[in-house]
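> First the structure, then my questions, so here it is.
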Amino acid sequence: MLKAVICGMEHSGTTLLSDLLRQSGTLESGFECGVLMTDSPREFPELDPFYGFMEEGWSISKKDLVECCNTDSFDEFYKRLKAASAITPESMELFDKTPRYVAELTKVMQNTDAPILLIHKDPRAAVFSDYKRAGGKGFDKWFDKYSRGKRRYMRRCYAGYEAGKANPSRVHSIALEDLCFASRDTCEGIFKHIGLKFDLTYLLLENLRYKNTRAKFVSADIVLEYRKGFSKSDLKRIETDFAEFDDWFYD
């Protein structure tokens, strides 16, 4: 049985949230999955690029992965995945961290009864993350090419967020800023939603599986960098172009 689902727009804190869940010592997951975006696990081999990530991301053989998909039941898929993956001991329960689920959240909710954790961050911080990855030079020219496509994708993610808000018993939404600035209360809410008790030591982030987490503790740097990295005119452009995602702005 799947214990939890983590989703949220890419680079919004899904890996950090995964690392927090792992601190319990009872939960484990591969890097990403994606099967819940299909109508049946039998369709998963056709879902690129997610199916192609599974062998390395879950330490599973191609033969075992094929067998995992040979069912119409998502519960059975995860049962087989847990048994076949080298990273999920019998003593641990499985969670599925796939950022893209946020853009397909209605389907995800239809495919699993597992509690869902949806993390998001300020659009200005999201744009800054993308800008840095693009080289961090020539903001205006870069933004002219970037903003339309980003808004289009963010609308899909925001629609998922709104669907989650309408189903609070199923979906627990978390602002990355709250996770950084009010860590204890936010983490207690996260763990309560998935039926576990939070311990303060989890914030030390020991034994990280992946390098994506920036530090071995929850840091405010990850949500405030944009305030120094962008000029006032840069921020004004972002605030204007992304104003429709008003719930995600954090001030």
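Ordering of the structure tokens sets the chain letters (A, B, ...), residue numbers begin anew at 1 in every chain, and ligands are numbered from 1 in the order given.
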Go through range 18-64 of chain A residue by residue and, counting only C-alpha atoms, keep those with an atom at most 9 Å from range 184-197 of chain A; for each kept residue give the shortest atom pair and its distance in Å to one decimal, ordered by chain and increasing number, as JSON lines.


{"residue": "A:Leu20", "atom": "CA", "partner": "A:Cys187", "partner_atom": "CA", "distance": 8.5}
{"residue": "A:Leu21", "atom": "CA", "partner": "A:Phe191", "partner_atom": "CA", "distance": 7.9}
{"residue": "A:Ser24", "atom": "CA", "partner": "A:Leu196", "partner_atom": "CA", "distance": 8.6}

> As a PyMOL selection string, list the residues of range 24-229 of chain A assigned to alpha helix (DSSP H) by DSSP on the backbone atoms of this structure.

chain A and resi 50-58+62-68+74-84+105-111+123-133+139-165+176-181+183-193+221-229

> Can I get the selection written as a compact mmCIF listing (two decimals), in the first residue's frame, with C-alpha atoms?


# COMPACT_ATOMS: atom_id res chain seq x y z
CA PHE A 50 9.28 8.54 -16.69
CA TYR A 51 9.33 4.82 -17.43
CA GLY A 52 12.88 5.17 -18.70
CA PHE A 53 14.00 6.59 -15.36
CA MET A 54 12.75 3.65 -13.32
CA GLU A 55 15.59 1.13 -13.63
CA GLU A 56 18.21 3.51 -12.29
CA GLY A 57 15.93 5.61 -10.09
CA TRP A 58 14.47 2.60 -8.26
CA LYS A 62 14.06 -4.36 -16.62
CA LYS A 63 12.49 -7.80 -16.21
CA ASP A 64 11.07 -6.95 -12.79
CA LEU A 65 9.84 -3.57 -14.00
CA VAL A 66 7.93 -5.25 -16.84
CA GLU A 67 6.31 -7.56 -14.29
CA CYS A 68 5.36 -4.61 -12.07
CA PHE A 74 -1.98 0.59 -9.00
CA ASP A 75 -1.85 -0.94 -5.51
CA GLU A 76 -0.49 -4.16 -7.02
CA PHE A 77 2.02 -2.18 -9.09
CA TYR A 78 3.45 -0.57 -5.94
CA LYS A 79 3.41 -3.88 -4.06
CA ARG A 80 5.51 -5.47 -6.80
CA LEU A 81 7.75 -2.41 -7.08
CA LYS A 82 8.52 -2.49 -3.38
CA ALA A 83 9.34 -6.21 -3.52
CA ALA A 84 11.58 -5.86 -6.58
CA LEU A 105 -3.62 15.90 -9.82
CA THR A 106 -7.25 15.04 -10.59
CA LYS A 107 -6.16 11.83 -12.32
CA VAL A 108 -3.67 11.06 -9.54
CA MET A 109 -6.45 11.36 -6.95
CA GLN A 110 -8.57 8.96 -8.98
CA ASN A 111 -5.76 6.41 -9.16
CA PRO A 123 6.72 32.41 -8.41
CA ARG A 124 9.57 34.91 -8.06
CA ALA A 125 11.71 32.21 -6.45
CA ALA A 126 10.63 29.72 -9.13
CA VAL A 127 11.66 32.09 -11.91
CA PHE A 128 14.98 32.76 -10.18
CA SER A 129 15.70 29.01 -10.04
CA ASP A 130 15.12 28.74 -13.78
CA TYR A 131 17.11 31.90 -14.51
CA LYS A 132 20.15 30.56 -12.64
CA ARG A 133 19.93 27.26 -14.50
CA PHE A 139 17.31 38.90 -17.73
CA ASP A 140 15.01 40.92 -20.02
CA LYS A 141 15.92 39.04 -23.18
CA TRP A 142 15.76 35.70 -21.39
CA PHE A 143 12.42 36.52 -19.73
CA ASP A 144 10.85 37.56 -23.04
CA LYS A 145 11.40 34.03 -24.37
CA TYR A 146 10.73 32.25 -21.11
CA SER A 147 7.64 33.72 -19.51
CA ARG A 148 4.88 32.59 -21.91
CA GLY A 149 5.81 28.90 -21.79
CA LYS A 150 6.38 29.00 -18.04
CA ARG A 151 2.97 30.59 -17.43
CA ARG A 152 1.33 27.93 -19.57
CA TYR A 153 2.89 25.13 -17.56
CA MET A 154 2.35 26.89 -14.25
CA ARG A 155 -1.38 27.20 -15.04
CA ARG A 156 -1.60 23.41 -15.19
CA CYS A 157 0.21 23.12 -11.87
CA TYR A 158 -1.92 25.83 -10.28
CA ALA A 159 -5.09 24.06 -11.45
CA GLY A 160 -3.81 20.98 -9.61
CA TYR A 161 -3.14 23.11 -6.54
CA GLU A 162 -6.70 24.45 -6.65
CA ALA A 163 -8.08 20.92 -7.04
CA GLY A 164 -6.09 19.98 -3.96
CA LYS A 165 -7.45 22.97 -2.01
CA LEU A 176 8.15 25.98 0.84
CA GLU A 177 8.48 29.31 2.65
CA ASP A 178 6.45 27.96 5.59
CA LEU A 179 8.63 24.85 5.66
CA CYS A 180 11.68 27.12 5.95
CA PHE A 181 10.35 29.83 8.29
CA SER A 183 9.63 24.38 10.19
CA ARG A 184 8.30 22.67 13.28
CA ASP A 185 4.61 23.54 12.86
CA THR A 186 4.74 22.86 9.12
CA CYS A 187 6.44 19.48 9.55
CA GLU A 188 3.98 18.46 12.24
CA GLY A 189 1.16 19.14 9.77
CA ILE A 190 2.94 17.20 7.03
CA PHE A 191 3.50 14.11 9.15
CA LYS A 192 0.02 14.26 10.65
CA HIS A 193 -1.48 14.23 7.16
CA ASP A 221 18.38 30.70 1.63
CA ILE A 222 16.52 28.57 -0.88
CA VAL A 223 13.46 30.84 -0.82
CA LEU A 224 15.12 34.25 -0.40
CA GLU A 225 17.86 34.20 -3.02
CA TYR A 226 15.68 35.92 -5.59
CA ARG A 227 15.45 39.06 -3.43
CA LYS A 228 19.15 39.72 -3.96
CA GLY A 229 19.44 38.15 -7.38

> So what do you get for CA of Thr14 in chain A versus CA of Leu118 in chain A, distance-wise?

8.3 Å

> At what distance in Å, to one decimal, does CA of Asp122 in chain A lie from CA of Arg237 in chain A?

14.2 Å

> Can you work out which one of A:Ile116, A:Leu36, A:Val218, A:Leu203 has the shortest atom-to-atom distance to Ala4 in chain A, counting only C-alpha atoms?

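Counting only C-alpha atoms, the residue closest to Ala4 in chain A is A:Ile116.
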
> To one decimal place, how far is CA of Glu244 in chain A from CA of Ser173 in chain A in Å?

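CA of Glu244 in chain A sits 18.0 Å away from CA of Ser173 in chain A.
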
> Could you pull out the strand (DSSP E) residues of range 3-241 of chain A, going by DSSP on the backbone, and write them as a VMD selection string?

chain A and resid 3 to 7 27 to 28 93 to 97 116 to 120 171 to 175

> Could the residues in this selection be saved with N, CA, C and O atoms as a PDB file, in the first residue's frame?


ATOM      1  N   LYS A   3       2.097   4.763   0.932  1.00  0.00           N
ATOM      2  CA  LYS A   3       1.912   5.543   2.153  1.00  0.00           C
ATOM      3  C   LYS A   3       1.653   7.014   1.862  1.00  0.00           C
ATOM      4  O   LYS A   3       0.911   7.675   2.605  1.00  0.00           O
ATOM      5  N   ALA A   4       2.260   7.561   0.821  1.00  0.00           N
ATOM      6  CA  ALA A   4       2.094   8.981   0.516  1.00  0.00           C
ATOM      7  C   ALA A   4       2.521   9.264  -0.911  1.00  0.00           C
ATOM      8  O   ALA A   4       3.300   8.514  -1.512  1.00  0.00           O
ATOM      9  N   VAL A   5       2.014  10.370  -1.438  1.00  0.00           N
ATOM     10  CA  VAL A   5       2.429  10.893  -2.739  1.00  0.00           C
ATOM     11  C   VAL A   5       2.941  12.314  -2.525  1.00  0.00           C
ATOM     12  O   VAL A   5       2.310  13.108  -1.825  1.00  0.00           O
ATOM     13  N   ILE A   6       4.099  12.625  -3.102  1.00  0.00           N
ATOM     14  CA  ILE A   6       4.651  13.977  -3.068  1.00  0.00           C
ATOM     15  C   ILE A   6       4.633  14.547  -4.472  1.00  0.00           C
ATOM     16  O   ILE A   6       5.076  13.898  -5.419  1.00  0.00           O
ATOM     17  N   CYS A   7       4.127  15.772  -4.605  1.00  0.00           N
ATOM     18  CA  CYS A   7       4.152  16.433  -5.899  1.00  0.00           C
ATOM     19  C   CYS A   7       4.361  17.929  -5.706  1.00  0.00           C
ATOM     20  O   CYS A   7       4.321  18.447  -4.597  1.00  0.00           O
ATOM     21  N   LEU A  27       9.998   5.128   5.844  1.00  0.00           N
ATOM     22  CA  LEU A  27       9.517   5.452   4.500  1.00  0.00           C
ATOM     23  C   LEU A  27      10.675   5.513   3.512  1.00  0.00           C
ATOM     24  O   LEU A  27      11.749   5.997   3.844  1.00  0.00           O
ATOM     25  N   GLU A  28      10.436   5.052   2.283  1.00  0.00           N
ATOM     26  CA  GLU A  28      11.472   5.104   1.260  1.00  0.00           C
ATOM     27  C   GLU A  28      10.816   5.225  -0.116  1.00  0.00           C
ATOM     28  O   GLU A  28       9.647   4.885  -0.314  1.00  0.00           O
ATOM     29  N   GLU A  93       7.768   1.400   4.351  1.00  0.00           N
ATOM     30  CA  GLU A  93       6.619   1.649   3.498  1.00  0.00           C
ATOM     31  C   GLU A  93       7.049   2.554   2.351  1.00  0.00           C
ATOM     32  O   GLU A  93       8.017   3.301   2.448  1.00  0.00           O
ATOM     33  N   LEU A  94       6.275   2.492   1.265  1.00  0.00           N
ATOM     34  CA  LEU A  94       6.650   3.176   0.036  1.00  0.00           C
ATOM     35  C   LEU A  94       5.931   4.518  -0.089  1.00  0.00           C
ATOM     36  O   LEU A  94       4.746   4.629   0.231  1.00  0.00           O
ATOM     37  N   PHE A  95       6.661   5.539  -0.560  1.00  0.00           N
ATOM     38  CA  PHE A  95       6.001   6.743  -1.036  1.00  0.00           C
ATOM     39  C   PHE A  95       6.482   7.026  -2.455  1.00  0.00           C
ATOM     40  O   PHE A  95       7.520   6.528  -2.882  1.00  0.00           O
ATOM     41  N   ASP A  96       5.710   7.813  -3.174  1.00  0.00           N
ATOM     42  CA  ASP A  96       6.005   8.125  -4.576  1.00  0.00           C
ATOM     43  C   ASP A  96       6.188   9.628  -4.699  1.00  0.00           C
ATOM     44  O   ASP A  96       5.242  10.390  -4.514  1.00  0.00           O
ATOM     45  N   LYS A  97       7.415  10.066  -4.997  1.00  0.00           N
ATOM     46  CA  LYS A  97       7.696  11.484  -5.220  1.00  0.00           C
ATOM     47  C   LYS A  97       7.850  11.727  -6.716  1.00  0.00           C
ATOM     48  O   LYS A  97       8.823  11.317  -7.323  1.00  0.00           O
ATOM     49  N   ILE A 116      -1.826  12.907  -0.169  1.00  0.00           N
ATOM     50  CA  ILE A 116      -0.978  13.637  -1.113  1.00  0.00           C
ATOM     51  C   ILE A 116      -0.411  14.883  -0.449  1.00  0.00           C
ATOM     52  O   ILE A 116      -1.134  15.625   0.220  1.00  0.00           O
ATOM     53  N   LEU A 117       0.884  15.101  -0.624  1.00  0.00           N
ATOM     54  CA  LEU A 117       1.574  16.298  -0.153  1.00  0.00           C
ATOM     55  C   LEU A 117       1.959  17.126  -1.377  1.00  0.00           C
ATOM     56  O   LEU A 117       2.692  16.652  -2.237  1.00  0.00           O
ATOM     57  N   LEU A 118       1.453  18.342  -1.453  1.00  0.00           N
ATOM     58  CA  LEU A 118       1.697  19.218  -2.601  1.00  0.00           C
ATOM     59  C   LEU A 118       2.488  20.434  -2.127  1.00  0.00           C
ATOM     60  O   LEU A 118       1.994  21.220  -1.311  1.00  0.00           O
ATOM     61  N   ILE A 119       3.707  20.581  -2.602  1.00  0.00           N
ATOM     62  CA  ILE A 119       4.552  21.687  -2.170  1.00  0.00           C
ATOM     63  C   ILE A 119       4.696  22.713  -3.297  1.00  0.00           C
ATOM     64  O   ILE A 119       4.747  22.364  -4.475  1.00  0.00           O
ATOM     65  N   HIS A 120       4.718  23.991  -2.928  1.00  0.00           N
ATOM     66  CA  HIS A 120       4.835  25.073  -3.907  1.00  0.00           C
ATOM     67  C   HIS A 120       5.690  26.185  -3.316  1.00  0.00           C
ATOM     68  O   HIS A 120       5.929  26.234  -2.108  1.00  0.00           O
ATOM     69  N   VAL A 171      -5.475  16.147   0.090  1.00  0.00           N
ATOM     70  CA  VAL A 171      -4.283  16.872  -0.349  1.00  0.00           C
ATOM     71  C   VAL A 171      -3.903  17.930   0.689  1.00  0.00           C
ATOM     72  O   VAL A 171      -4.706  18.785   1.045  1.00  0.00           O
ATOM     73  N   HIS A 172      -2.675  17.834   1.160  1.00  0.00           N
ATOM     74  CA  HIS A 172      -2.132  18.807   2.112  1.00  0.00           C
ATOM     75  C   HIS A 172      -1.136  19.692   1.368  1.00  0.00           C
ATOM     76  O   HIS A 172      -0.098  19.224   0.905  1.00  0.00           O
ATOM     77  N   SER A 173      -1.468  20.978   1.217  1.00  0.00           N
ATOM     78  CA  SER A 173      -0.607  21.905   0.489  1.00  0.00           C
ATOM     79  C   SER A 173       0.375  22.581   1.435  1.00  0.00           C
ATOM     80  O   SER A 173       0.000  22.984   2.550  1.00  0.00           O
ATOM     81  N   ILE A 174       1.615  22.716   0.987  1.00  0.00           N
ATOM     82  CA  ILE A 174       2.696  23.262   1.812  1.00  0.00           C
ATOM     83  C   ILE A 174       3.418  24.339   1.026  1.00  0.00           C
ATOM     84  O   ILE A 174       3.877  24.090  -0.090  1.00  0.00           O
ATOM     85  N   ALA A 175       3.530  25.526   1.579  1.00  0.00           N
ATOM     86  CA  ALA A 175       4.399  26.546   0.998  1.00  0.00           C
ATOM     87  C   ALA A 175       5.830  26.256   1.439  1.00  0.00           C
ATOM     88  O   ALA A 175       6.092  26.055   2.634  1.00  0.00           O
TER      89      ALA A 175
END

> Applying 7 Å and only C-alpha atoms, which residues near Pro41 in chain A remain after dropping the ones on its own chain fewer than 4 positions away? List them as a PyMOL selection string.

chain A and resi 35+69+71-74+77

> Would you kindly return, as a ChimeraX atom specification, each protein, DNA or RNA residue with an atom no farther than 10 Å from any atom of Gly25 in chain A, considering only C-alpha atoms and excluding same-chain residues fewer than 5 positions away?

/A:91-93,202
